[in-house]
file structure_17.txt (compact mmCIF, C-alpha atoms and all ligand atoms)
# COMPACT_ATOMS: atom_id res chain seq x y z
CA MET A 742 -13.94 -21.57 -40.12
CA LYS A 743 -11.86 -23.35 -42.74
CA THR A 744 -8.19 -23.95 -42.20
CA GLU A 745 -5.81 -25.94 -44.33
CA LEU A 746 -5.35 -28.38 -41.50
CA THR A 747 -7.78 -29.65 -38.95
CA ALA A 748 -5.53 -31.44 -36.53
CA GLY A 749 -1.90 -31.61 -35.61
CA GLY A 750 0.08 -28.48 -34.97
CA ASP A 751 3.03 -27.62 -37.18
CA PRO A 752 5.72 -26.13 -34.96
CA GLY A 753 7.23 -23.01 -36.39
CA ALA A 754 4.54 -22.50 -39.02
CA ALA A 755 3.20 -19.01 -39.64
CA TYR A 756 -0.55 -18.37 -39.51
CA LEU A 757 -2.49 -15.72 -41.32
CA ILE A 758 -5.90 -15.05 -39.76
CA ARG A 759 -8.01 -13.30 -42.37
CA GLY A 760 -10.78 -10.79 -41.71
CA VAL A 761 -11.15 -11.26 -37.95
CA ARG A 762 -12.74 -8.67 -35.67
CA VAL A 763 -10.26 -7.44 -33.09
CA VAL A 764 -11.86 -5.83 -30.04
CA GLY A 765 -12.75 -2.22 -30.79
CA ALA A 766 -11.73 -2.32 -34.45
CA GLU A 767 -12.89 -3.20 -37.97
CA PRO A 768 -12.12 -6.69 -39.34
CA THR A 769 -8.46 -7.10 -40.12
CA ASP A 770 -5.80 -9.71 -40.87
CA LEU A 771 -3.30 -10.95 -38.30
CA LEU A 772 -0.02 -12.58 -39.28
CA LEU A 773 1.41 -14.75 -36.52
CA THR A 774 5.01 -15.82 -36.86
CA GLY A 775 8.00 -16.36 -34.59
CA GLY A 776 5.67 -16.55 -31.58
CA VAL A 777 4.40 -13.01 -31.99
CA VAL A 778 1.81 -11.04 -33.91
CA ALA A 779 4.11 -9.91 -36.71
CA GLU A 780 1.69 -7.80 -38.72
CA VAL A 781 -1.81 -6.38 -38.40
CA GLY A 782 -3.62 -4.93 -41.39
CA ARG A 783 -6.02 -5.58 -44.23
CA GLY A 784 -5.07 -7.65 -47.26
CA LEU A 785 -1.86 -9.14 -45.88
CA ALA A 786 -0.14 -11.62 -48.22
CA ALA A 787 -0.02 -15.24 -47.04
CA ARG A 788 3.60 -15.77 -48.14
CA GLY A 789 3.51 -19.44 -47.19
CA ALA A 790 1.57 -18.94 -43.96
CA ARG A 791 -1.34 -21.23 -43.20
CA VAL A 792 -4.55 -19.31 -43.72
CA VAL A 793 -7.33 -19.25 -41.14
CA ASP A 794 -10.64 -17.74 -42.25
CA GLY A 795 -11.61 -15.32 -39.48
CA ASP A 796 -14.81 -14.10 -41.12
CA GLY A 797 -17.47 -13.59 -38.45
CA LEU A 798 -15.02 -14.38 -35.65
CA VAL A 799 -13.79 -12.18 -32.81
CA ALA A 800 -10.14 -12.26 -31.69
CA LEU A 801 -9.64 -11.83 -27.96
CA PRO A 802 -6.37 -11.81 -26.06
CA GLY A 803 -5.98 -15.37 -24.75
CA LEU A 804 -8.05 -15.81 -21.59
CA VAL A 805 -6.25 -16.02 -18.24
CA ASP A 806 -7.69 -17.99 -15.32
CA LEU A 807 -6.51 -16.99 -11.87
CA HIS A 808 -8.21 -19.93 -10.14
CA THR A 809 -7.92 -23.44 -11.58
CA HIS A 810 -7.72 -26.76 -9.74
CA LEU A 811 -5.61 -29.13 -11.84
CA ARG A 812 -5.49 -31.90 -9.15
CA GLU A 813 -1.97 -33.08 -10.03
CA PRO A 814 -0.11 -34.29 -8.05
CA GLY A 815 -2.44 -36.57 -6.14
CA ARG A 816 -5.82 -36.85 -7.84
CA GLU A 817 -4.88 -37.64 -11.40
CA ASP A 818 -8.12 -39.65 -11.66
CA ALA A 819 -10.05 -36.34 -11.51
CA GLU A 820 -7.70 -34.16 -13.61
CA THR A 821 -4.07 -33.89 -14.66
CA VAL A 822 -2.05 -30.87 -15.61
CA GLU A 823 -2.33 -32.07 -19.19
CA SER A 824 -6.09 -32.76 -19.26
CA GLY A 825 -6.83 -29.52 -17.43
CA SER A 826 -4.56 -27.63 -19.83
CA ARG A 827 -6.45 -29.10 -22.76
CA ALA A 828 -9.78 -28.12 -21.21
CA ALA A 829 -8.38 -24.62 -20.71
CA ALA A 830 -7.19 -24.28 -24.31
CA LEU A 831 -10.60 -25.45 -25.56
CA GLY A 832 -12.15 -22.78 -23.37
CA GLY A 833 -10.00 -20.08 -24.99
CA TYR A 834 -7.39 -19.84 -22.24
CA THR A 835 -3.68 -19.37 -22.80
CA ALA A 836 -2.70 -19.21 -19.11
CA VAL A 837 -4.06 -20.70 -15.91
CA CYS A 838 -2.97 -20.36 -12.29
CA ALA A 839 -2.98 -23.76 -10.61
CA MET A 840 -4.32 -23.86 -7.06
CA ALA A 841 -2.18 -25.33 -4.30
CA ASN A 842 -4.63 -27.82 -2.73
CA THR A 843 -3.03 -30.83 -4.38
CA SER A 844 -1.67 -33.93 -2.64
CA PRO A 845 1.04 -33.30 -1.60
CA VAL A 846 0.11 -29.66 -1.13
CA ALA A 847 2.04 -27.15 -3.26
CA ASP A 848 3.72 -25.62 -0.22
CA THR A 849 7.38 -26.13 -1.22
CA ALA A 850 9.62 -25.09 -4.09
CA GLY A 851 9.77 -28.77 -5.13
CA VAL A 852 6.03 -29.19 -5.66
CA VAL A 853 5.45 -25.86 -7.41
CA GLU A 854 8.37 -26.62 -9.72
CA GLN A 855 6.86 -30.04 -10.47
CA VAL A 856 3.52 -28.48 -11.47
CA TRP A 857 5.27 -25.79 -13.49
CA ARG A 858 7.35 -28.42 -15.33
CA LEU A 859 4.30 -30.58 -16.06
CA GLY A 860 2.63 -27.50 -17.52
CA ARG A 861 5.59 -26.84 -19.79
CA GLU A 862 5.64 -30.46 -20.93
CA ALA A 863 1.92 -30.38 -21.78
CA GLY A 864 2.55 -27.12 -23.65
CA LEU A 865 -1.12 -26.26 -24.14
CA VAL A 866 -1.37 -23.24 -21.84
CA ASP A 867 1.08 -21.52 -19.53
CA VAL A 868 0.56 -23.11 -16.12
CA GLN A 869 1.51 -20.73 -13.33
CA PRO A 870 1.52 -22.49 -9.95
CA ILE A 871 0.00 -20.82 -6.91
CA GLY A 872 1.80 -21.62 -3.66
CA ALA A 873 0.11 -22.48 -0.38
CA VAL A 874 0.14 -19.81 2.34
CA THR A 875 0.45 -22.30 5.19
CA VAL A 876 2.15 -25.68 5.50
CA GLY A 877 -0.24 -28.41 4.37
CA LEU A 878 -3.06 -25.80 4.20
CA ALA A 879 -3.35 -26.44 7.93
CA GLY A 880 -3.46 -22.75 8.84
CA GLU A 881 -0.78 -23.03 11.52
CA HIS A 882 2.64 -22.21 10.07
CA LEU A 883 3.64 -20.10 7.09
CA ALA A 884 4.87 -22.13 4.13
CA GLU A 885 8.20 -21.41 2.38
CA LEU A 886 6.83 -18.41 0.51
CA GLY A 887 10.27 -17.00 -0.32
CA ALA A 888 11.62 -20.31 -1.64
CA MET A 889 8.56 -20.73 -3.87
CA ALA A 890 8.96 -17.17 -5.14
CA GLU A 891 12.62 -17.81 -5.98
CA SER A 892 12.00 -21.22 -7.54
CA ALA A 893 11.85 -21.81 -11.30
CA ALA A 894 8.06 -21.47 -10.98
CA ARG A 895 8.48 -17.85 -9.78
CA VAL A 896 5.36 -17.99 -7.62
CA ARG A 897 3.68 -14.63 -6.98
CA ILE A 898 0.21 -15.68 -5.84
CA PHE A 899 -0.25 -17.60 -2.60
CA SER A 900 -3.50 -19.18 -1.46
CA ASP A 901 -4.83 -21.84 0.90
CA ASP A 902 -7.92 -22.05 -1.32
CA GLY A 903 -10.36 -24.68 -0.19
CA HIS A 904 -9.49 -23.37 3.27
CA CYS A 905 -9.49 -19.88 4.71
CA VAL A 906 -6.39 -18.42 6.34
CA ALA A 907 -8.54 -17.86 9.42
CA ASP A 908 -5.84 -16.82 11.92
CA PRO A 909 -5.52 -13.03 11.63
CA ARG A 910 -1.93 -13.03 12.84
CA LEU A 911 -0.86 -15.53 10.19
CA MET A 912 -2.76 -13.56 7.56
CA ARG A 913 -0.95 -10.41 8.58
CA ARG A 914 2.44 -12.18 8.44
CA ALA A 915 1.69 -13.58 5.00
CA LEU A 916 0.70 -10.16 3.68
CA GLU A 917 3.89 -8.67 5.14
CA TYR A 918 6.08 -11.41 3.73
CA VAL A 919 4.92 -11.22 0.09
CA LYS A 920 5.28 -7.44 -0.01
CA ALA A 921 9.04 -7.88 -0.55
CA PHE A 922 8.46 -9.36 -4.02
CA ASP A 923 5.10 -7.72 -4.80
CA GLY A 924 3.27 -10.98 -4.22
CA VAL A 925 -0.41 -11.29 -3.50
CA ILE A 926 -2.39 -13.36 -1.01
CA ALA A 927 -5.54 -14.84 -2.55
CA GLN A 928 -7.99 -15.51 0.24
CA HIS A 929 -10.77 -18.11 0.29
CA ALA A 930 -12.97 -15.96 2.56
CA GLU A 931 -14.86 -18.26 4.91
CA GLU A 932 -14.95 -17.83 8.67
CA PRO A 933 -14.82 -21.54 9.58
CA ARG A 934 -16.65 -21.18 12.88
CA LEU A 935 -19.66 -19.77 11.03
CA THR A 936 -19.80 -22.53 8.41
CA GLU A 937 -19.41 -25.70 10.47
CA GLY A 938 -21.51 -28.43 8.87
CA ALA A 939 -22.78 -26.05 6.19
CA GLN A 940 -24.30 -27.64 3.08
CA MET A 941 -25.62 -24.67 1.11
CA HIS A 942 -26.39 -20.95 1.31
CA GLU A 943 -28.18 -20.01 4.54
CA GLY A 944 -31.53 -18.54 3.58
CA GLU A 945 -35.09 -19.29 2.69
CA VAL A 946 -34.23 -22.33 0.53
CA SER A 947 -31.96 -23.95 3.16
CA THR A 948 -34.73 -23.52 5.73
CA ARG A 949 -37.22 -25.15 3.38
CA LEU A 950 -34.86 -28.07 2.65
CA GLY A 951 -33.71 -28.42 6.24
CA LEU A 952 -30.03 -28.21 5.26
CA THR A 953 -27.43 -26.45 7.43
CA GLY A 954 -26.69 -23.02 5.99
CA TRP A 955 -23.48 -21.15 5.06
CA PRO A 956 -24.34 -17.55 5.96
CA ALA A 957 -23.23 -14.65 3.75
CA VAL A 958 -21.66 -13.01 6.79
CA ALA A 959 -19.06 -15.82 7.04
CA GLU A 960 -17.60 -14.50 3.77
CA GLU A 961 -18.18 -10.80 4.40
CA ALA A 962 -16.59 -10.82 7.87
CA ILE A 963 -13.31 -12.27 6.54
CA ILE A 964 -13.18 -9.87 3.60
CA ALA A 965 -13.78 -6.92 5.95
CA ARG A 966 -11.00 -8.12 8.24
CA ASP A 967 -8.59 -8.79 5.39
CA VAL A 968 -9.03 -5.47 3.60
CA LEU A 969 -8.24 -3.77 6.92
CA LEU A 970 -5.15 -5.96 7.35
CA ALA A 971 -4.06 -5.31 3.76
CA GLU A 972 -4.48 -1.57 4.33
CA HIS A 973 -2.53 -1.74 7.57
CA VAL A 974 0.33 -3.64 5.95
CA GLY A 975 0.15 -1.85 2.58
CA SER A 976 0.12 -5.19 0.79
CA ARG A 977 -1.86 -6.81 -2.02
CA LEU A 978 -4.94 -8.89 -1.27
CA HIS A 979 -7.01 -10.81 -3.79
CA VAL A 980 -10.43 -12.15 -2.83
CA CYS A 981 -11.34 -15.50 -4.38
CA HIS A 982 -14.84 -16.30 -5.67
CA LEU A 983 -16.84 -13.41 -4.21
CA SER A 984 -20.41 -14.58 -3.82
CA THR A 985 -22.60 -12.12 -1.92
CA ALA A 986 -24.06 -8.64 -2.37
CA GLY A 987 -22.66 -7.72 1.04
CA SER A 988 -19.14 -8.65 -0.06
CA VAL A 989 -19.51 -6.25 -2.97
CA GLU A 990 -20.31 -3.44 -0.52
CA VAL A 991 -17.29 -4.24 1.68
CA LEU A 992 -15.10 -4.21 -1.40
CA ARG A 993 -16.58 -0.96 -2.69
CA HIS A 994 -15.73 0.67 0.63
CA ALA A 995 -12.17 -0.72 0.63
CA LYS A 996 -11.49 0.40 -2.93
CA LYS A 997 -12.73 3.90 -2.12
CA ARG A 998 -10.14 3.99 0.65
CA GLY A 999 -7.42 2.97 -1.77
CA VAL A 1000 -6.78 -0.49 -0.34
CA ARG A 1001 -4.75 -2.68 -2.72
CA VAL A 1002 -7.47 -5.27 -3.16
CA THR A 1003 -8.78 -7.14 -6.21
CA ALA A 1004 -11.59 -9.67 -6.42
CA GLU A 1005 -12.90 -12.40 -8.66
CA VAL A 1006 -16.32 -13.87 -9.35
CA THR A 1007 -16.98 -17.27 -10.92
CA PRO A 1008 -19.21 -17.91 -13.93
CA HIS A 1009 -21.47 -20.10 -11.79
CA HIS A 1010 -22.06 -17.39 -9.20
CA LEU A 1011 -23.07 -15.10 -12.08
CA LEU A 1012 -25.63 -17.53 -13.49
CA LEU A 1013 -26.97 -20.02 -10.94
CA THR A 1014 -28.85 -19.58 -7.65
CA ASP A 1015 -29.44 -21.60 -4.48
CA GLU A 1016 -32.77 -22.75 -5.94
CA ARG A 1017 -30.70 -25.41 -7.76
CA ALA A 1018 -30.15 -27.18 -4.43
CA THR A 1019 -33.81 -28.18 -4.42
CA SER A 1020 -32.87 -30.87 -6.98
CA TYR A 1021 -30.46 -32.38 -4.42
CA ASP A 1022 -28.13 -32.95 -7.37
CA PRO A 1023 -24.60 -32.62 -5.90
CA VAL A 1024 -23.35 -31.14 -9.17
CA PHE A 1025 -24.69 -27.88 -7.72
CA LYS A 1026 -22.78 -28.22 -4.45
CA VAL A 1027 -19.94 -25.72 -4.40
CA ASN A 1028 -17.98 -23.62 -1.95
CA PRO A 1029 -18.87 -20.79 -1.51
CA PRO A 1030 -22.40 -21.98 -2.22
CA LEU A 1031 -24.74 -20.73 -4.93
CA ARG A 1032 -26.52 -17.69 -3.48
CA THR A 1033 -29.79 -15.83 -4.10
CA ALA A 1034 -31.02 -14.07 -7.22
CA ALA A 1035 -30.35 -10.72 -5.50
CA ASP A 1036 -26.72 -11.74 -4.96
CA VAL A 1037 -26.41 -12.77 -8.61
CA THR A 1038 -27.73 -9.37 -9.71
CA ALA A 1039 -25.33 -7.52 -7.39
CA LEU A 1040 -22.36 -9.58 -8.63
CA ARG A 1041 -23.22 -8.90 -12.27
CA GLU A 1042 -23.47 -5.17 -11.62
CA ALA A 1043 -20.21 -5.18 -9.65
CA LEU A 1044 -18.43 -6.97 -12.49
CA VAL A 1045 -19.61 -4.41 -15.03
CA GLU A 1046 -18.73 -1.53 -12.71
CA GLY A 1047 -15.29 -2.95 -11.91
CA ILE A 1048 -15.78 -3.39 -8.16
CA VAL A 1049 -15.24 -7.04 -9.01
CA ASP A 1050 -12.11 -7.01 -11.17
CA ILE A 1051 -12.12 -10.36 -12.92
CA VAL A 1052 -13.88 -13.61 -13.74
CA ALA A 1053 -12.07 -16.73 -12.51
CA THR A 1054 -13.45 -20.22 -13.04
CA ASP A 1055 -12.66 -22.09 -9.80
CA HIS A 1056 -12.58 -25.09 -12.17
CA ALA A 1057 -12.92 -27.90 -9.62
CA PRO A 1058 -12.96 -31.36 -11.21
CA HIS A 1059 -14.11 -34.24 -9.02
CA ALA A 1060 -14.14 -37.97 -9.68
CA LEU A 1061 -17.54 -39.65 -10.07
CA GLU A 1062 -17.49 -41.29 -6.62
CA ASP A 1063 -16.89 -37.90 -5.01
CA LYS A 1064 -19.84 -36.29 -6.79
CA GLU A 1065 -22.43 -38.97 -7.52
CA CYS A 1066 -23.40 -39.64 -3.93
CA GLU A 1067 -25.67 -38.10 -1.33
CA TRP A 1068 -25.54 -34.29 -1.22
CA ALA A 1069 -24.08 -34.27 2.29
CA TYR A 1070 -21.12 -36.47 1.29
CA ALA A 1071 -20.39 -34.90 -2.09
CA ARG A 1072 -17.30 -32.73 -2.52
CA PRO A 1073 -17.94 -29.10 -3.37
CA GLY A 1074 -16.89 -27.79 -6.76
CA MET A 1075 -17.78 -27.68 -10.46
CA LEU A 1076 -16.04 -27.60 -13.83
CA GLY A 1077 -15.58 -24.21 -15.42
CA LEU A 1078 -12.83 -23.89 -18.01
CA GLU A 1079 -14.67 -25.13 -21.08
CA THR A 1080 -17.83 -23.12 -20.49
CA ALA A 1081 -16.69 -19.85 -18.88
CA LEU A 1082 -16.71 -17.68 -21.98
CA SER A 1083 -20.12 -18.95 -23.07
CA VAL A 1084 -21.57 -18.24 -19.64
CA LEU A 1085 -20.13 -14.73 -19.72
CA LEU A 1086 -21.56 -14.11 -23.20
CA ASP A 1087 -24.90 -15.27 -21.85
CA VAL A 1088 -24.64 -12.98 -18.81
CA LEU A 1089 -23.08 -9.87 -20.39
CA GLY A 1090 -23.92 -10.16 -24.09
CA GLU A 1091 -21.31 -9.31 -26.70
CA ARG A 1092 -19.45 -6.71 -24.66
CA TRP A 1093 -16.10 -7.76 -26.03
CA ASP A 1094 -13.96 -5.07 -24.48
CA LEU A 1095 -15.43 -5.78 -21.05
CA ILE A 1096 -14.93 -9.52 -21.54
CA ALA A 1097 -11.29 -8.98 -22.61
CA GLU A 1098 -10.74 -6.77 -19.57
CA ARG A 1099 -12.29 -9.12 -17.00
CA MET A 1100 -11.13 -12.44 -18.45
CA SER A 1101 -7.71 -11.61 -19.87
CA ARG A 1102 -6.07 -8.22 -19.37
CA THR A 1103 -6.77 -7.72 -15.68
CA PRO A 1104 -6.16 -11.31 -14.51
CA ALA A 1105 -2.83 -11.27 -16.42
CA ARG A 1106 -1.89 -8.05 -14.65
CA ILE A 1107 -2.83 -9.37 -11.19
CA ALA A 1108 -0.79 -12.55 -11.79
CA GLY A 1109 2.13 -10.64 -13.34
CA LEU A 1110 1.94 -12.68 -16.55
CA VAL A 1111 3.45 -10.10 -18.88
CA GLU A 1112 3.13 -12.21 -22.06
CA HIS A 1113 -0.61 -12.56 -21.58
CA GLY A 1114 -3.60 -10.25 -21.58
CA ARG A 1115 -2.33 -8.16 -24.47
CA ASP A 1116 -4.43 -7.18 -27.45
CA PRO A 1117 -3.05 -8.29 -30.82
CA ALA A 1118 -0.57 -5.69 -32.09
CA PRO A 1119 2.78 -5.95 -33.88
CA GLY A 1120 5.44 -7.48 -31.62
CA VAL A 1121 3.00 -8.73 -28.98
CA PRO A 1122 3.23 -12.44 -28.03
CA ALA A 1123 0.65 -14.28 -30.12
CA ASN A 1124 -1.53 -15.52 -27.27
CA LEU A 1125 -5.07 -15.21 -28.51
CA THR A 1126 -8.36 -16.95 -29.00
CA LEU A 1127 -10.90 -16.77 -31.82
CA VAL A 1128 -14.57 -16.87 -30.85
CA ASP A 1129 -17.60 -17.52 -33.02
CA PRO A 1130 -20.29 -15.42 -31.33
CA ALA A 1131 -23.07 -16.66 -33.61
CA ALA A 1132 -22.65 -20.32 -32.63
CA ARG A 1133 -24.78 -21.88 -29.91
CA ARG A 1134 -23.96 -25.18 -28.27
CA THR A 1135 -25.67 -27.53 -25.89
CA ILE A 1136 -23.36 -28.61 -23.09
CA ASP A 1137 -22.70 -32.35 -23.02
CA PRO A 1138 -20.66 -33.56 -20.02
CA GLY A 1139 -19.40 -36.47 -22.15
CA GLU A 1140 -17.76 -34.06 -24.58
CA GLN A 1141 -15.67 -32.20 -21.99
CA ALA A 1142 -11.90 -32.60 -22.27
CA SER A 1143 -11.65 -32.58 -18.49
CA ARG A 1144 -11.22 -36.00 -16.89
CA SER A 1145 -14.24 -35.18 -14.74
CA ARG A 1146 -17.86 -34.72 -15.67
CA ASN A 1147 -19.21 -32.38 -13.01
CA THR A 1148 -20.45 -29.52 -15.16
CA PRO A 1149 -23.52 -27.74 -13.78
CA TYR A 1150 -24.53 -26.69 -17.32
CA ALA A 1151 -25.35 -30.14 -18.77
CA GLY A 1152 -28.13 -29.84 -21.31
CA LEU A 1153 -28.04 -26.05 -21.29
CA THR A 1154 -27.68 -24.24 -24.62
CA LEU A 1155 -25.20 -21.38 -24.39
CA PRO A 1156 -23.92 -18.81 -26.91
CA GLY A 1157 -20.43 -18.74 -28.39
CA ARG A 1158 -17.84 -21.28 -29.38
CA ILE A 1159 -14.07 -21.20 -29.20
CA VAL A 1160 -12.88 -21.84 -32.74
CA ALA A 1161 -9.12 -21.51 -32.27
CA THR A 1162 -6.59 -20.75 -29.56
CA PHE A 1163 -2.96 -19.81 -30.14
CA LEU A 1164 -0.18 -20.02 -27.57
CA ARG A 1165 2.85 -18.02 -28.71
CA GLY A 1166 1.67 -18.38 -32.29
CA GLU A 1167 1.17 -22.17 -32.13
CA PRO A 1168 -2.40 -23.40 -32.36
CA THR A 1169 -3.58 -25.41 -29.36
CA VAL A 1170 -7.13 -25.49 -30.72
CA LEU A 1171 -8.20 -25.38 -34.38
CA ASP A 1172 -11.70 -25.77 -35.83
CA GLY A 1173 -12.94 -26.11 -32.26
CA LYS A 1174 -10.77 -29.18 -31.59
CA ALA A 1175 -7.63 -29.60 -29.53
CA VAL A 1176 -4.67 -30.13 -31.85
CA ARG A 1177 -3.05 -32.59 -29.40
O1 LIG A 1201 -16.10 -25.65 -4.42
C1 LIG A 1201 -14.91 -25.59 -4.20
N1 LIG A 1201 -14.07 -26.56 -4.63
N2 LIG A 1201 -14.43 -24.58 -3.49
C2 LIG A 1201 -13.15 -24.54 -3.08
O2 LIG A 1201 -12.78 -23.61 -2.42
C3 LIG A 1201 -12.23 -25.66 -3.37
C4 LIG A 1201 -12.67 -26.39 -4.56
C5 LIG A 1201 -12.00 -27.72 -4.72
O3 LIG A 1201 -10.77 -27.81 -4.56
O4 LIG A 1201 -12.68 -28.69 -5.06
ZN ZN A 1202 -12.10 -21.49 -2.72
call {"tool": "encode", "arguments": {"input": "structure_17.txt", "output": "structure tokens", "more": "lines below"}}
Ligand code: DOR
Ligand code: ZN
result
Amino acid sequence: MKTELTAGGDPGAAYLIRGVRVVGAEPTDLLLTGGVVAEVGRGLAARGARVVDGDGLVALPGLVDLHTHLREPGREDAETVESGSRAAALGGYTAVCAMANTSPVADTAGVVEQVWRLGREAGLVDVQPIGAVTVGLAGEHLAELGAMAESAARVRIFSDDGHCVADPRLMRRALEYVKAFDGVIAQHAEEPRLTEGAQMHEGEVSTRLGLTGWPAVAEEAIIARDVLLAEHVGSRLHVCHLSTAGSVEVLRHAKKRGVRVTAEVTPHHLLLTDERATSYDPVFKVNPPLRTAADVTALREALVEGIVDIVATDHAPHALEDKECEWAYARPGMLGLETALSVLLDVLGERWDLIAERMSRTPARIAGLVEHGRDPAPGVPANLTLVDPAARRTIDPGEQASRSRNTPYAGLTLPGRIVATFLRGEPTVLDGKAVR
């Protein structure tokens, strides 16, 4: 791609993207001005707009991540709202939902407003804070859900992610509470009594390595319980990082019954298996753990079929000292924002409409982000990303914009490259580089 500028945004400038493939259509031109897609059509005149050559590129609605750990406040050594926003923009995202397991926990209007404000100041993606379900993620008392919903951050998704809301009575209360403002509870499904001391997926590999296992049923039992609670209450449930074939079957059953449930899968659970643990490299330690090849196959099929609604990264940056240590002491989690689209292209191939649906339109709808997840059309907010599907790149942890280095894809060559990202018509990424 050739643009007239390679770095430094120009606020208020118009952009004309020439000859780009929009999902489901022939190559066309897109004129972005005033924060929206002003015109769509072939042979548009530049009229002073900066011209971006879109030949060979695909325009997707800006990606939306429902599950991002930005670590601020508290662990700014691992990530900040700004560095995580930059990583997101480079990955093609225009909106991310920031998980609540910060320090202090995002369990009050004050903390969610702080994160929301930091996101606005960074200005690279829309940062939508997620509020904690329980005070301090301790699973004992409901947090101030209403105050967070009414705050400037307008929180609609609540999650104790990192921890499961294990108490069924609290889970029921939370589901009841958020119904008033059409909120959603995003559950990290892990029955804690079944995963005490767990280090990896419980199965043949854990037996061979002699590591304590995290059985699939610990996830499936909570999902089964929660879909029944959601049905009973008539409220919205979202299941974080689904990881087993059995979970897919529970979800299939619930959806058939009309339960208001959605679910996400991470790129790493679509690509990697528990065999990686044999390296004892803690970069592969994650929660829920990497599962078997049969689980990976079931998750891929469920994503295509729509039983799993969306892809979410669970981008989980960790400082070196928390990752480069013995497996047993390492924190679980891996980076995801800068590689998600490439992993999905690897897994699904160039199924652009499916990718737009699972990585942009549906997550935007679940989160209630009305400016996002919309295909380029006249009058639509200009939140979009341009992908070069022909490019291949080898992942280098040193080149990640994240403050952390814990990518599980180091050295792997993956298809696709994000060439440009626009947030309300302003470029956040051009020629594959962050503009700020
Ligand atoms: O691997 C994980 N890391 N899973 C989680 O649920 C939390 C996350 C984190 O915050 O690091
Ligand atoms: Zn989680």
call {"tool": "residues_near_ligand", "arguments": {"input": "structure_17.txt", "ligand": "ligand ZN 1202 (chain A)", "cutoff": "12 Å", "atoms": "only C-alpha atoms and all ligand atoms", "output": "number ranges by chain"}}
result
A: 807-810, 840-842, 900-906, 927-931, 960, 979-984, 1005-1007, 1027-1030, 1053-1057, 1073-1075
call {"tool": "closest_residue", "arguments": {"input": "structure_17.txt", "among": "A:Val846, A:Ala884, A:Val1045, A:Val799", "to": "ligand LIG 1201 (chain A)", "atoms": "all atoms listed in the file"}}
result
A:Val846
call {"tool": "residues_around", "arguments": {"input": "structure_17.txt", "residues": "A:Leu771", "least_positions_apart": "3", "cutoff": "9 Å", "atoms": "all atoms listed in the file", "output": "list in words"}}
result
Tyr756, Leu757, Ile758, Arg759, Gly760, Val761, Val778, Ala779, Glu780, Val781, Gly782, Arg783, Leu785, Pro1117 and Ala1118 of chain A
call {"tool": "write_last_selection", "arguments": {"input": "structure_17.txt", "atoms": "C-alpha atoms", "output": "short mmCIF file (atom, residue, chain, number, x, y, z; two decimals), in the coordinates of the input"}}
result
data_model
loop_
_atom_site.label_atom_id
_atom_site.label_comp_id
_atom_site.auth_asym_id
_atom_site.auth_seq_id
_atom_site.Cartn_x
_atom_site.Cartn_y
_atom_site.Cartn_z
CA TYR A 756 -0.55 -18.37 -39.51
CA LEU A 757 -2.49 -15.72 -41.32
CA ILE A 758 -5.90 -15.05 -39.76
CA ARG A 759 -8.01 -13.30 -42.37
CA GLY A 760 -10.78 -10.79 -41.71
CA VAL A 761 -11.15 -11.26 -37.95
CA VAL A 778 1.81 -11.04 -33.91
CA ALA A 779 4.11 -9.91 -36.71
CA GLU A 780 1.69 -7.80 -38.72
CA VAL A 781 -1.81 -6.38 -38.40
CA GLY A 782 -3.62 -4.93 -41.39
CA ARG A 783 -6.02 -5.58 -44.23
CA LEU A 785 -1.86 -9.14 -45.88
CA PRO A 1117 -3.05 -8.29 -30.82
CA ALA A 1118 -0.57 -5.69 -32.09
#
call {"tool": "closest_residue", "arguments": {"input": "structure_17.txt", "among": "A:Leu801, A:Val974, A:Ala1060, A:Leu1040", "to": "ligand LIG 1201 (chain A)", "atoms": "only C-alpha atoms and all ligand atoms"}}
result
A:Ala1060
call {"tool": "residues_around", "arguments": {"input": "structure_17.txt", "residues": "A:Gly797", "least_positions_apart": "3", "cutoff": "9 Å", "atoms": "all atoms listed in the file", "output": "NGL selection string"}}
result
:A and (742 or 760-762 or 768 or 794 or 1128-1131)
call {"tool": "closest_residue", "arguments": {"input": "structure_17.txt", "among": "A:Arg1092, A:His1059, A:Arg1144, A:His994", "to": "ligand LIG 1201 (chain A)", "atoms": "only C-alpha atoms and all ligand atoms"}}
result
A:His1059
call {"tool": "closest_residue", "arguments": {"input": "structure_17.txt", "among": "A:Leu916, A:Leu978, A:Leu1171, A:Val1024", "to": "A:Pro1138", "atoms": "all atoms listed in the file"}}
result
A:Val1024
call {"tool": "residues_around", "arguments": {"input": "structure_17.txt", "residues": "A:Pro1104", "least_positions_apart": "6", "cutoff": "7 Å", "atoms": "all atoms listed in the file", "output": "list in words"}}
result
Val805, Asp806, Leu807 and Ile1051 of chain A
call {"tool": "write_last_selection", "arguments": {"input": "structure_17.txt", "atoms": "C-alpha atoms", "output": "mmCIF file, in the frame of the given file"}}
result
data_model
loop_
_atom_site.group_PDB
_atom_site.id
_atom_site.type_symbol
_atom_site.label_atom_id
_atom_site.label_comp_id
_atom_site.auth_asym_id
_atom_site.auth_seq_id
_atom_site.Cartn_x
_atom_site.Cartn_y
_atom_site.Cartn_z
ATOM 1 C CA VAL A 805 -6.250 -16.020 -18.240
ATOM 2 C CA ASP A 806 -7.690 -17.990 -15.320
ATOM 3 C CA LEU A 807 -6.510 -16.990 -11.870
ATOM 4 C CA ILE A 1051 -12.120 -10.360 -12.920
#
call {"tool": "residues_near_point", "arguments": {"input": "structure_17.txt", "point": "(2.8, -29.1, -1.9)", "cutoff": "10 Å", "atoms": "all atoms listed in the file", "output": "PyMOL selection string"}}
result
chain A and resi 814+841-856+872-873+876-878+884
